[in-house]
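Data block below; observations after.
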Amino acid sequence: MNRRSFVSAITPVISSGLVIAAAFLVGAILLSLLGKNPLQAYHVLISRGLGSSFGVSETLIKMAPLLIVSAGLLIALKASVWNIGVDGQFLVGACLAGVVAPKLAGAIPLVPMLFISALAGVLGGMLWGVIPALLKVRYGLNEIITTIMMNYVAVYLTSWLVKGPFKDPQVVPPQTAVVPEAFRLPPIPFTPVHIGLLVGLIAVLVVYLLFRNTTFGFKLWVLGQNPRTAIHAGMRVSRLTVLALLLSAGFAGLAGANDVLGVKGMFQGEWNPGYGLTGFALVFLARLDSLWVVPFAYFFSFLLLGGEIMARSANIPVYFVDVLEGLMLVFFAVGVYLERTLAERDRRRVPATQGG
Amino acid sequence: AGGQPAPTQAPAVTKAPVAQPTVAQPPAPTQAAAVKPAATQAPAASAGAKVKKVAIVIPASRTDHGWNQQGADNLTSVGKELGITAEVAENQGYGDITPVLRDLQDKGFDLIICHASGYQTVCPEFAKKTKVKVAAIENQAAVTPGLISDIETQAQEAAYLAGVLAGKMTKSGTVGVVTSGEPPTWNYMTVGFAEGLKATKPDAKFLYSVIGEAAYEDAAGAKRVTASELAAGADIIFGMGDGASFGMVQAVEEHNAKGGAKAWFIDVIGDKRDIDKSKLLLSSVLFDYSGIYKQMIKDVEAGTFGKVYTMDVKNNGVHLLDLPPGVPADVADAVQKAKAEIVADKLKVSAISDSQKMRARINELFPKR
Amino acid sequence: MSAVPLEGFTTALLSAALIAAVPLLLAALGETFAEQAGLLNLGLEGMMLTGAFAGFFVALNTNSAYAGLAAGLGAGVLWGLLFGFLAISLRVDQVILGLAITILGAGLTGFLFRSLYGARFPTLDVSLPKVAIPLLAEVPIVGPALFRQQVVVYLTWALVVVSSFVLSRTRFGLELRAVGEHPFAADAAGVKVFRIRYLAIAIGGAMAGLAGAFLSVADLNFFVPGMTVGQGFIAIAITMLGKWKPGRVFVGALLFGSLRSLATGLQVVGVAVQPEFILMLPYLGLIVALVLLAGRTALPGALAIPYERGRR
Amino acid sequence: MTSRAGIDSSTTDKAGSQDSQNVLVEMRGITKRFPGVVANDGITLTIRRGEIHAVLGENGAGKTTLMNILSGMVCPDEGTIVIRGQEANIESPQDALRHRIGTVYQHFTLVPNLSIIENVVLGTPSRFVLALNQAEQRLREMLGGFELTVPLQTQVRHLSIGQQQRVEILKVVFRGSEVLLLDEPTSVLTPVEVKELFGILLGLKAQGVSLVLITHKLEEALEVSDRITILRQGKNVGELGPAALAGKDDVELKQRIVDLMFGGLPPQENGGRAKIAAAPAVLSLRDITALGDRGTLAVQEMSLELRASEIFGIAGVDGNGQKELAEVIAGQRLAVKGRVTLDGVEITNCGTSAAVKAGIVYVSDDRLGEASVPAGSVADNLVLKAIDRAPFSKRAMLNWSAIQANALRLIHEFEVKAPGPWTRLSTLSGGNIQKLLLARELALQPKVLVCNKPTHGLDLKTVRFVLQTLRAQADKGTVIVLISSELDEILALSDRIGVMYNGRLLATFERDEADLETIGHLMLGVRI
Ligand SMILES: Nc1ncnc2c1ncn2[C@@H]1O[C@H](COP(=O)(O)OP(=O)(O)OP(=O)(O)O)[C@@H](O)[C@H]1O
Ligand SMILES: Nc1ncnc2c1ncn2[C@@H]1O[C@H](COP(=O)(O)OP(=O)(O)OP(=O)(O)O)[C@@H](O)[C@H]1O
Ligand SMILES: [Mg+2]
Ligand SMILES: [Mg+2]
């Protein structure tokens with residue numbers, strides 16, 4: 001299991017640093033080719049994204065959904081259940097939370113109201129996750145396809161819901177009723193950051209412990225390695241598969257609830273933040289190693305935020321942020337390769353004992 | 001121009017608390033502003049303060065030849081004209097735009113225009129927290145003197161004129177609407193267009209199809225949908241689709257290239273004449289925000305900011321693109337007549353933003369769809 | 001419905017279905033080659049976008065649509081080779097790569113388009129003529145739809161037959177399948193595993209690029225950032241629906257295109273159903289099709305698993 | 001054997017010059033290190049024209065590695081290879097094949113979803129458009145004595161192990177290899193098939209092909225080979241030429257070889273076991289019928305009554321339903337008909353988890369594909385089936401120290417050659433992996449132990465170890481179902497013996513009334 005993985009703890013830090021540098025270097029070259037000033041651009045990125053208090057706090061706020069989504073993806077991907085459907089599950093979860101929350105707000109005290117709304121989100125996500133899960137175990141349908149399709153269906157379903165049954169008649173645009181600010185996620189004491197961040201950190205920690213310390217995590221890992229082996233070892237493969245996808249989807253739904261209760265205050269048509277792709281990137285960059293997700297989540301959040309500001313201030317097309325993100329992924333992949341090669345070289349140096 | 005609330009809707013200003021002018025104050029430090037809603041501070045209706053920086057936040061690309069570009073371009077030109085900074089925050093989508101607003105506040109912007117009805121919740125909330133002046137779209141309830149203004153676009157009025165135009169011009173008697181989704185603005189115009197058509201050609205056949213949810217870039221989809229409507233007999237297409245609308249234009253182009261009866265395209269927001277190679281652009285429903293943007297800046301400086309700004313046919317905030325040469329005189333006259341009636345408040349075009357109500361309305365106008 | 005000229009309308013829907021299917025089919029055929037060789041290319045979307053932009057850019061500057069298509073294809077090959085180098089030689093994780101290329105493709109094309117043209121919106125003056133096949137084109141309804149199309153469309157259909165032949169009847173196809181199923185065995189038998197995989201992914205990239213160029217150069221005559229609107233991912237689904245068999249992939253792409261077209265048709269004739277539910281059809285349809293046709297599909301044995309000689 | 005006599009004379013008479021020009025391949029000072037292991041340690045091996053050269057050695061001795069080096073699968077750290085007098089650097093299988101060196105690997109290298117003929121032509125130079133018919137023609141001509149019974153268009157995944165191995169040999173023969181490396185080819189074959197294989201090998205030898213035969217079975221080595229090289233812990237510890245092999249009488253020779261291989265062996269105690277008391281059945285099968293992977297009837301109306309501490313041996317040619325039967329008992333395969341009861345409780349189709357809980361464990365013969373997680377550590381694999389039990393987990397929480405302790409204990413008890421509890425399982429040699437799996441299953445203290453080819457690929461020492469362990473387990477009261485194609489092993493161990501053919505139990509014998517002849521025939525469906 002990767003808790004024993006031979007990649008020594010420190011190498012990822014170094015390589016990650018190099019990788020980021022490489023990506024920014026290529027980005028800089030691209031910019032200068034088009035007659036922009038990369039230094040100025042990057043200066044803005046750093047100063048606004050890291051230097052300014054609002055930059056830091058907003059980065060932390062944006063981190064929450066990424067963390068929650070990634071926690072879910074970790075579960076699915078370690079079990080080799082390819083949940084590409086995070087975005088759809090997020091939408092359905094957010095939509096349900098957006099429907100439930102305003103109704104409860106004021107009717108019942110804050111804490112239970114938040115809990116129930118969050119639960120609605122989780123259930124929404126699971127509702128969307130259980131379909132591909134069952135299709136997989138019943139009909140052996142590959143979840144990659146079904147979850148992708150479910151994403152599109154979710155977009156249309158939720159958009160219909162907020163245009164029709166759940167639309168707030170008081171306002172013009174298609175959106176659910178707004179949760180009064182007093183009933184949103186409260187800030188972490190002494191910070192402007194709402195407690196969604198804590199939820200995210202806890203979620204990742206829970207998943208880490210799940211795989212480190214529980215038999216359920218162990219079984220998921222075996223399943224991920226080879227379903228035939230899992231069956232042979234007497235594990236309930238169908239059940240594990242469904243659970244993995246359900247949990248993963250539940251987290252996606254929770255992320256949806258987080259955004260509704262934490263930042264937006266309602267669910268809105270045409271809203272589709274698409275955390276799925278970023279979450280996927282995160283989890284793989286962290287090499288499915290739970291705790292590594294946290295720094296990566298911070299960095300991506302920082303990049304999304306500061307990148308947009310940079311693009312605007314240095315008037316570079318905002319697409320440049322995607323370019324950086326893409327480059328980073330590529331270089332990260334290469335970084336992993338370099339690490340592995342180094343690690344193998346080390347192992348070769350182990351004094352060879354006799355026999356097998 | 002501007003100023004008066006739209007005749008159709010009751011002004012919300014009365015509901016808003018009265019502003020007590022105070023001396024100009026620098027933007028509150030972010031941290032503080034972010035931590036506790038600075039309710040104690042007085043609304044910063046800063047009379048006399050010169051506006052130096054204005055910004056606009058738009059959900060999609062500033063070059064979409066549509067809604068987003070319209071707002072961005074208008075503000076930019078106003079900025080040039082008045083010699084003040086005008087910043088455009090594009091491609092913001094409908095996620096959490098607070099970071100952008102925070103950044104703009106941090107940079108000391110005097111006025112932020114949240115150019116999407118989808119921003120009408122987050123922007124007022126932000127303004128109340130930080131005392132930064134914002135303009136929302138289609139949210140009269142939020143209007144707060146000295147702090148929050150609202151922009152009402154009576155697009156349906158101009159769309160009505162487009163409907164009249166279509167009713168006059170169609171030979172097949174079938175007219176099609178193609179949209180890249182059903183946001184309020186599109187719905188307003190669909191209804192306006194349908195009413196104009198009905199008024200001019202009661203027996204017209206009315207086609208309506210959506211390309212997809214938020215399919216603003218799906219040009220290929222737009223082309224296929226348009227082609228289908230043309231094949232179904234439409235000879236005039238009223239297309240709302242930002243980037244996707246280029247696909248519609250091309251569909252009409254190819255349709256005409258086949259020979260047979262010529263089909264026309266009526267565009268919305270933005271002027272495609274420069275790329276209209278095969279002269280099929282009949283007209284376009286144009287928005288022009290520069291008027292009210294200037295007005296807003298004036299009002300901020302005069303301390304009278306915080307009201308409903310309306311763009312309608314009357315103040316020419318929305319109007320039709322000049323008809324191409326060769327359009328029969330009676331057609332132009334019919335359009336002029338309708339316009340006169342609207343200006344004279346003799347004619348009310350229903351303002352319907354809700355998709356379901358919109359569909360109900362067009363079914364009621366054209367039952368045999 | 002009475003007033004609608006049924007024949008013309010049906011023809012239009014049919015034609016729309018076929019054209020909607022073309023980019024999906026091209027991309028999915030390419031993916032078939034890649035996946036049968038054991039390479040999971042989740043980057044189709046990015047490759048298609050790049051192809052669309054490259055095709056548009058070249059066509060615009062050379063005033064030749066064919067040059068544009070070639071450029072799109074070329075751009076795809078470059079992506080393919082990059083993917084190959086990282087996934088095959090460096091044994092980098094193919095999922096990360098795919099996502100990276102998806103994001104990078106979208107970013108780069110948008111970035112370049114905006115940097116080069118700003119707010120201008122150039123359109124191509126050149127376009128591919130539709131070629132009518134004598135006699136066949138005269139057949140009512142289907143004739144004009146099937147047999148009055150651009151050359152690329154016919155070419156794409158031919159590619160189905162060619163691909164299926166290459167995969168099942170040629171040495172290259174044999175080695176490709178072997179490499180994707182059991183690279184160790186192929187290696188032991190003297191097959192140059194890496195070379196075959198490089199070829200496969202290059203073909204995959206080429207077809208994805210061509211698919212994109214088809215959108216911007218053949219079907220349309222301009223580029224809009226993000227104009228592939230997720231078709232890359234649909235193509236991946238269709239590849240699996242097609243069980244990596246060109247023939248079935250063909251069927252799958254047609255099915256999806258038809259459902260898209262149907263969704264339009266239903267709206268135009270004014271069926272009293274919320275458009276959202278109509279627009280869901282293609283995606284639900286694909287799932288149903290999977291349940292009926294492609295349950296329990298075994299993935300290629302070595303899909304997404306890098307090969308390293310002598311590793312245990 | 002006549003052929004050997006022939007070579008003897010040639011080597012004894014005019015040795016030297018003759019011999020040197022006879023040399024086809026020479027591996028000199030080959031060294032290969034793997035993390036924590038020196039697999040080959042300065043090995044020198046000489047392969048002569050038209051000889052059968054056996055390479056013996058215990059598990060992990062380095063046989064496979066040495067062959068992989070010659071076949072281009074593994075690059076040596078040191079050493080040179082000389083082929084036909086010229087130094088050759090073999091960096092890839094392609095190179096080896098170009099030097100006409102063909103290999104049949106320990107783990108088969110056939111592409112399951114390709115047809116036989118496709119597998120055979122795979123990698124051979126041919127025109128772009130395949131001409132499979134012509135290839136088939138050529139193949140049929142070459143086939144000669146060598147019967148394949150199935151059409152050449154059959155997909156390989158549908159073949160029995162024995163058939164697959166023939167295809168493997170066909171592959172290399174088809175390419176006209178001059179040197180043929182076979183890594184434990186007999187370990188998967190029945191006695192009859194082994195005979196046939198040797199027939200083929202001698203035939204090839206007669207055609208001047210040199211063969212290297214890796215095996216653990218001394219008798220086999222002595223039966224066919226002209227020369228034997230013994231590896232131990234990565235070193236070449238001795239080579240016996242034709243002269244040495246011819247002269248001595250077998251007993252002495254065997255003892256010498258065994259000493260070389262293991263540095264001495266504990267004497268095998270085959271104490272006959274006490275007759276099983278007539279107790280009520282622990283495990284009973286009532287006309288079990290089950291389908292194979294291809295939906296064919298694999299097991300048909302099989303009934304069995306097994307009593308406590310009984311060892312029931314199931315003899316049979318591979319692919320006659322033994323595997324399917326085992327899987328039904330283990331709850332891994334649905335029985336379409338019939339009932340399985342354990343201590344009177346019905347457990348038919350209860351699924352593996354329930355079966356394991358009930359006390360039925362199954363040692364699968366598919367070690368890497370099913371029984372283990374190759375990428376996982378030794379320790380992980382050792383608790384695969386017991387993860388829900390104390391001490392490895394309490395209230396669903398893992399106890400890693402217990403897991404590690406367990407690994408250390410079992411590695412020690414079963415003398416597994418593994419650098420440590422956290423080494424990647426897949427880096428162990430075939431034999432050591434098997435030891436681990438057996439250790440894992442026995443640690444479950446099962447009521448019923450079903451093992452499929454438990455000694456497949458093991459060296460003598462390990463085989464004895466395993467058999468003794470099984471017997472000891474039976475003495476503790478465990479019912480043991482022993483599936484094997486190794487008749488002697490079945491005879492050595494079983495209390496009762498059943499023969500399976502075409503999914504049916506043809507006959508059962510008490511140990512003392514069983515004899516090799518009859519059983520051997522029954523395995524081929526021949527009733528006497
Ligand atoms: N790819 C590898 N990585 C690490 N260690 C290896 C690798 N291949 C072999 N080894 C080690 O080298 C030693 C020799 O292995 P090898 O397979 O050659 O033994 P063998 O004689 O074939 O054993 P068996 O009879 O069980 O097949 C063993 O200790 C094995 O663990
Ligand atoms: N070149 C082709 N052009 C058009 N259709 C084809 C082509 N090749 C196959 N088809 C059709 O596509 C489907 C799949 O054909 P294919 O031969 O690839 O699969 P198959 O070999 O029949 O399936 P399996 O290998 O699982 O038995 C069949 O309906 C076949 O008729
Ligand atoms: Mg076939
Ligand atoms: Mg071996």
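Residue numbering restarts at 1 in every chain; chains get A, B, ... in the order shown in the structure tokens, and ligands count up from 1 in that same order.
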- Query: Using only C-alpha atoms, which chain A residues lie at most 7 Å away from chain C, written as a ChimeraX atom specification?
  - Reply: /A:139-141,145-146,149,152-153,156-157,160,281,284,317,319-320,322-323,326-327,329-330,333-334,337
- Item | Site check for ligand 2: residues at most 7 Å away, only C-alpha atoms and all ligand atoms, as number ranges by chain | C: 160-165, 245-248
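Residues in contact range of Arg62 (chain B), defined as at most 10 Å between only C-alpha atoms, with sequence neighbours fewer than 3 positions away removed, read Val57, Ile58, Pro59, His65, Gly66, Trp67, Asn68, Gln69, Gln70, Gly71, Ala72, Asp73, Val88, Ala89, Glu90 and Asn91 of chain B; Gly118 and Ala119 of chain C.
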Selected residues, all heavy atoms, written as a compact mmCIF listing (two decimals), in the first residue's frame, please.
```txt
# COMPACT_ATOMS: atom_id res chain seq x y z
N VAL B 57 -18.12 43.54 -14.59
CA VAL B 57 -17.89 42.10 -14.46
C VAL B 57 -18.87 41.40 -15.39
O VAL B 57 -20.07 41.61 -15.31
CB VAL B 57 -18.13 41.64 -13.01
CG1 VAL B 57 -17.83 40.16 -12.88
CG2 VAL B 57 -17.29 42.45 -12.05
N ILE B 58 -18.32 40.58 -16.31
CA ILE B 58 -19.18 39.91 -17.28
C ILE B 58 -18.96 38.40 -17.22
O ILE B 58 -17.85 37.93 -16.99
CB ILE B 58 -18.91 40.43 -18.71
CG1 ILE B 58 -17.45 40.29 -19.09
CG2 ILE B 58 -19.37 41.87 -18.83
CD1 ILE B 58 -17.15 40.76 -20.49
N PRO B 59 -20.03 37.61 -17.39
CA PRO B 59 -19.93 36.16 -17.22
C PRO B 59 -19.11 35.47 -18.31
O PRO B 59 -18.46 34.47 -18.05
CB PRO B 59 -21.38 35.68 -17.25
CG PRO B 59 -22.12 36.76 -17.95
CD PRO B 59 -21.41 38.03 -17.65
N HIS B 65 -19.34 39.06 -29.31
CA HIS B 65 -20.26 39.72 -30.25
C HIS B 65 -21.68 39.66 -29.73
O HIS B 65 -22.62 39.51 -30.51
CB HIS B 65 -20.17 39.10 -31.64
CG HIS B 65 -18.91 39.47 -32.34
ND1 HIS B 65 -18.89 40.17 -33.51
CD2 HIS B 65 -17.62 39.26 -32.02
CE1 HIS B 65 -17.65 40.36 -33.89
NE2 HIS B 65 -16.86 39.81 -33.00
N GLY B 66 -21.83 39.75 -28.44
CA GLY B 66 -23.17 39.68 -27.87
C GLY B 66 -23.23 40.42 -26.56
O GLY B 66 -22.50 41.39 -26.34
N TRP B 67 -24.06 39.92 -25.68
CA TRP B 67 -24.34 40.53 -24.39
C TRP B 67 -23.07 41.02 -23.69
O TRP B 67 -22.97 42.17 -23.29
CB TRP B 67 -25.07 39.51 -23.53
CG TRP B 67 -25.21 39.90 -22.10
CD1 TRP B 67 -24.41 39.52 -21.08
CD2 TRP B 67 -26.21 40.76 -21.55
NE1 TRP B 67 -24.84 40.07 -19.91
CE2 TRP B 67 -25.95 40.85 -20.17
CE3 TRP B 67 -27.29 41.47 -22.09
CZ2 TRP B 67 -26.73 41.59 -19.30
CZ3 TRP B 67 -28.07 42.21 -21.22
CH2 TRP B 67 -27.80 42.28 -19.86
N ASN B 68 -22.09 40.13 -23.57
CA ASN B 68 -20.90 40.48 -22.79
C ASN B 68 -20.10 41.58 -23.46
O ASN B 68 -19.70 42.56 -22.84
CB ASN B 68 -20.04 39.23 -22.60
CG ASN B 68 -20.78 38.17 -21.82
OD1 ASN B 68 -20.85 38.22 -20.60
ND2 ASN B 68 -21.39 37.23 -22.54
N GLN B 69 -19.90 41.43 -24.77
CA GLN B 69 -19.10 42.42 -25.49
C GLN B 69 -19.78 43.79 -25.43
O GLN B 69 -19.14 44.82 -25.25
CB GLN B 69 -18.92 41.99 -26.94
CG GLN B 69 -18.06 42.95 -27.72
CD GLN B 69 -17.58 42.34 -29.02
OE1 GLN B 69 -18.00 41.23 -29.38
NE2 GLN B 69 -16.70 43.03 -29.70
N GLN B 70 -21.12 43.74 -25.54
CA GLN B 70 -21.86 45.01 -25.53
C GLN B 70 -21.52 45.81 -24.28
O GLN B 70 -21.08 46.96 -24.36
CB GLN B 70 -23.36 44.73 -25.56
CG GLN B 70 -24.19 45.94 -25.94
CD GLN B 70 -23.89 46.39 -27.35
OE1 GLN B 70 -23.79 45.56 -28.26
NE2 GLN B 70 -23.69 47.68 -27.54
N GLY B 71 -21.67 45.17 -23.12
CA GLY B 71 -21.39 45.87 -21.87
C GLY B 71 -19.94 46.33 -21.82
O GLY B 71 -19.65 47.49 -21.55
N ALA B 72 -19.03 45.39 -22.15
CA ALA B 72 -17.60 45.70 -22.04
C ALA B 72 -17.24 46.87 -22.95
O ALA B 72 -16.66 47.87 -22.51
CB ALA B 72 -16.80 44.47 -22.41
N ASP B 73 -17.64 46.76 -24.22
CA ASP B 73 -17.27 47.81 -25.18
C ASP B 73 -17.85 49.16 -24.76
O ASP B 73 -17.14 50.18 -24.74
CB ASP B 73 -17.77 47.45 -26.58
CG ASP B 73 -17.00 46.29 -27.17
OD1 ASP B 73 -16.06 45.83 -26.48
OD2 ASP B 73 -17.36 45.81 -28.26
N VAL B 88 -12.35 45.60 -17.37
CA VAL B 88 -13.32 44.55 -17.69
C VAL B 88 -12.86 43.24 -17.07
O VAL B 88 -11.75 42.78 -17.32
CB VAL B 88 -13.46 44.38 -19.22
CG1 VAL B 88 -14.43 43.26 -19.52
CG2 VAL B 88 -13.88 45.68 -19.86
N ALA B 89 -13.72 42.66 -16.23
CA ALA B 89 -13.44 41.32 -15.69
C ALA B 89 -14.32 40.33 -16.43
O ALA B 89 -15.52 40.25 -16.20
CB ALA B 89 -13.72 41.29 -14.20
N GLU B 90 -13.69 39.56 -17.36
CA GLU B 90 -14.51 38.71 -18.24
C GLU B 90 -14.46 37.25 -17.82
O GLU B 90 -13.75 36.88 -16.89
CB GLU B 90 -14.01 38.85 -19.68
CG GLU B 90 -12.59 38.36 -19.85
CD GLU B 90 -12.16 38.32 -21.31
OE1 GLU B 90 -13.02 38.11 -22.18
OE2 GLU B 90 -10.96 38.50 -21.56
N ASN B 91 -15.25 36.44 -18.53
CA ASN B 91 -15.29 34.99 -18.29
C ASN B 91 -15.45 34.63 -16.83
O ASN B 91 -14.82 33.70 -16.35
CB ASN B 91 -14.00 34.35 -18.83
CG ASN B 91 -14.00 34.29 -20.34
OD1 ASN B 91 -14.95 34.79 -20.97
ND2 ASN B 91 -12.97 33.73 -20.92
N GLY C 118 -7.96 39.48 -31.12
CA GLY C 118 -8.64 40.41 -30.22
C GLY C 118 -10.14 40.30 -30.39
O GLY C 118 -10.71 39.22 -30.36
N ALA C 119 -10.76 41.43 -30.60
CA ALA C 119 -12.22 41.43 -30.70
C ALA C 119 -12.69 41.17 -32.13
O ALA C 119 -13.87 41.02 -32.39
CB ALA C 119 -12.78 42.76 -30.22
```
- Task: Quick one: everything within 7 Å of region 437-452 of chain D, counting only C-alpha atoms, minus sequence neighbours fewer than 3 positions away in the same chain. Send it as a PyMOL selection string.
- Result: chain D and resi 326+359-365+382-383+410+414+433-434+478-484
Preceding selection exported with N, CA and C atoms as a PDB file, in the first residue's frame:
```
ATOM      1  N   ALA D 326     -13.430 -26.631  -7.921  1.00  0.00           N
ATOM      2  CA  ALA D 326     -12.805 -25.944  -6.786  1.00  0.00           C
ATOM      3  C   ALA D 326     -13.503 -24.612  -6.534  1.00  0.00           C
ATOM      4  N   GLY D 359     -15.205 -21.344   6.727  1.00  0.00           N
ATOM      5  CA  GLY D 359     -14.008 -22.138   6.963  1.00  0.00           C
ATOM      6  C   GLY D 359     -13.530 -22.902   5.740  1.00  0.00           C
ATOM      7  N   ILE D 360     -13.972 -22.460   4.557  1.00  0.00           N
ATOM      8  CA  ILE D 360     -13.480 -23.079   3.337  1.00  0.00           C
ATOM      9  C   ILE D 360     -12.465 -22.141   2.694  1.00  0.00           C
ATOM     10  N   VAL D 361     -11.249 -22.599   2.525  1.00  0.00           N
ATOM     11  CA  VAL D 361     -10.278 -21.746   1.836  1.00  0.00           C
ATOM     12  C   VAL D 361      -9.817 -22.448   0.561  1.00  0.00           C
ATOM     13  N   TYR D 362      -9.374 -21.612  -0.393  1.00  0.00           N
ATOM     14  CA  TYR D 362      -9.061 -22.128  -1.715  1.00  0.00           C
ATOM     15  C   TYR D 362      -7.715 -21.577  -2.151  1.00  0.00           C
ATOM     16  N   VAL D 363      -6.770 -22.460  -2.400  1.00  0.00           N
ATOM     17  CA  VAL D 363      -5.468 -22.038  -2.907  1.00  0.00           C
ATOM     18  C   VAL D 363      -5.538 -22.109  -4.424  1.00  0.00           C
ATOM     19  N   SER D 364      -5.726 -20.951  -5.036  1.00  0.00           N
ATOM     20  CA  SER D 364      -5.897 -20.921  -6.487  1.00  0.00           C
ATOM     21  C   SER D 364      -4.574 -21.178  -7.193  1.00  0.00           C
ATOM     22  N   ASP D 365      -4.674 -21.679  -8.400  1.00  0.00           N
ATOM     23  CA  ASP D 365      -3.429 -21.914  -9.160  1.00  0.00           C
ATOM     24  C   ASP D 365      -3.028 -20.661  -9.926  1.00  0.00           C
ATOM     25  N   LEU D 382      -0.422 -11.268   2.753  1.00  0.00           N
ATOM     26  CA  LEU D 382      -0.580 -12.345   3.739  1.00  0.00           C
ATOM     27  C   LEU D 382      -1.842 -12.176   4.574  1.00  0.00           C
ATOM     28  N   VAL D 383      -2.454 -10.994   4.569  1.00  0.00           N
ATOM     29  CA  VAL D 383      -3.674 -10.819   5.368  1.00  0.00           C
ATOM     30  C   VAL D 383      -4.901 -10.595   4.489  1.00  0.00           C
ATOM     31  N   LEU D 410       5.290 -15.802   9.199  1.00  0.00           N
ATOM     32  CA  LEU D 410       5.045 -16.737   8.097  1.00  0.00           C
ATOM     33  C   LEU D 410       6.262 -16.833   7.177  1.00  0.00           C
ATOM     34  N   PHE D 414       7.728 -20.534   6.770  1.00  0.00           N
ATOM     35  CA  PHE D 414       7.667 -21.181   5.450  1.00  0.00           C
ATOM     36  C   PHE D 414       8.940 -20.953   4.639  1.00  0.00           C
ATOM     37  N   ILE D 433       6.411 -17.098  -4.143  1.00  0.00           N
ATOM     38  CA  ILE D 433       5.040 -16.579  -4.097  1.00  0.00           C
ATOM     39  C   ILE D 433       4.096 -17.689  -3.657  1.00  0.00           C
ATOM     40  N   GLN D 434       4.270 -18.877  -4.233  1.00  0.00           N
ATOM     41  CA  GLN D 434       3.389 -19.986  -3.880  1.00  0.00           C
ATOM     42  C   GLN D 434       3.477 -20.299  -2.392  1.00  0.00           C
ATOM     43  N   THR D 478      -8.498 -30.977   9.221  1.00  0.00           N
ATOM     44  CA  THR D 478      -8.953 -30.263   8.040  1.00  0.00           C
ATOM     45  C   THR D 478      -9.205 -31.220   6.885  1.00  0.00           C
ATOM     46  N   VAL D 479     -10.307 -30.992   6.180  1.00  0.00           N
ATOM     47  CA  VAL D 479     -10.564 -31.743   4.959  1.00  0.00           C
ATOM     48  C   VAL D 479      -9.753 -31.090   3.845  1.00  0.00           C
ATOM     49  N   ILE D 480      -9.023 -31.885   3.087  1.00  0.00           N
ATOM     50  CA  ILE D 480      -8.206 -31.311   2.021  1.00  0.00           C
ATOM     51  C   ILE D 480      -8.612 -31.889   0.672  1.00  0.00           C
ATOM     52  N   VAL D 481      -8.972 -30.972  -0.246  1.00  0.00           N
ATOM     53  CA  VAL D 481      -9.236 -31.387  -1.618  1.00  0.00           C
ATOM     54  C   VAL D 481      -8.013 -31.006  -2.426  1.00  0.00           C
ATOM     55  N   LEU D 482      -7.301 -31.999  -2.898  1.00  0.00           N
ATOM     56  CA  LEU D 482      -6.030 -31.763  -3.571  1.00  0.00           C
ATOM     57  C   LEU D 482      -6.198 -31.986  -5.069  1.00  0.00           C
ATOM     58  N   ILE D 483      -6.205 -30.900  -5.818  1.00  0.00           N
ATOM     59  CA  ILE D 483      -6.323 -31.004  -7.264  1.00  0.00           C
ATOM     60  C   ILE D 483      -4.934 -30.912  -7.864  1.00  0.00           C
ATOM     61  N   SER D 484      -4.591 -31.879  -8.705  1.00  0.00           N
ATOM     62  CA  SER D 484      -3.252 -31.853  -9.277  1.00  0.00           C
ATOM     63  C   SER D 484      -3.188 -32.743 -10.496  1.00  0.00           C
TER      64      SER D 484
END
```
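Any residue of chain A with an atom within 8 Å of chain B counts; using only C-alpha atoms, that gives Ser53, Phe54, Gly55, Glu58, Val155, Tyr156, Ser159, Lys163, Gly164, Val171, Val172, Pro173, Pro174, Val178, Phe190, Thr191, Pro192, Val263, Lys264, Gln268, Glu270, Trp271, Asn272, Pro273, Leu305, Ile309, Arg312 and Val318 of chain A.
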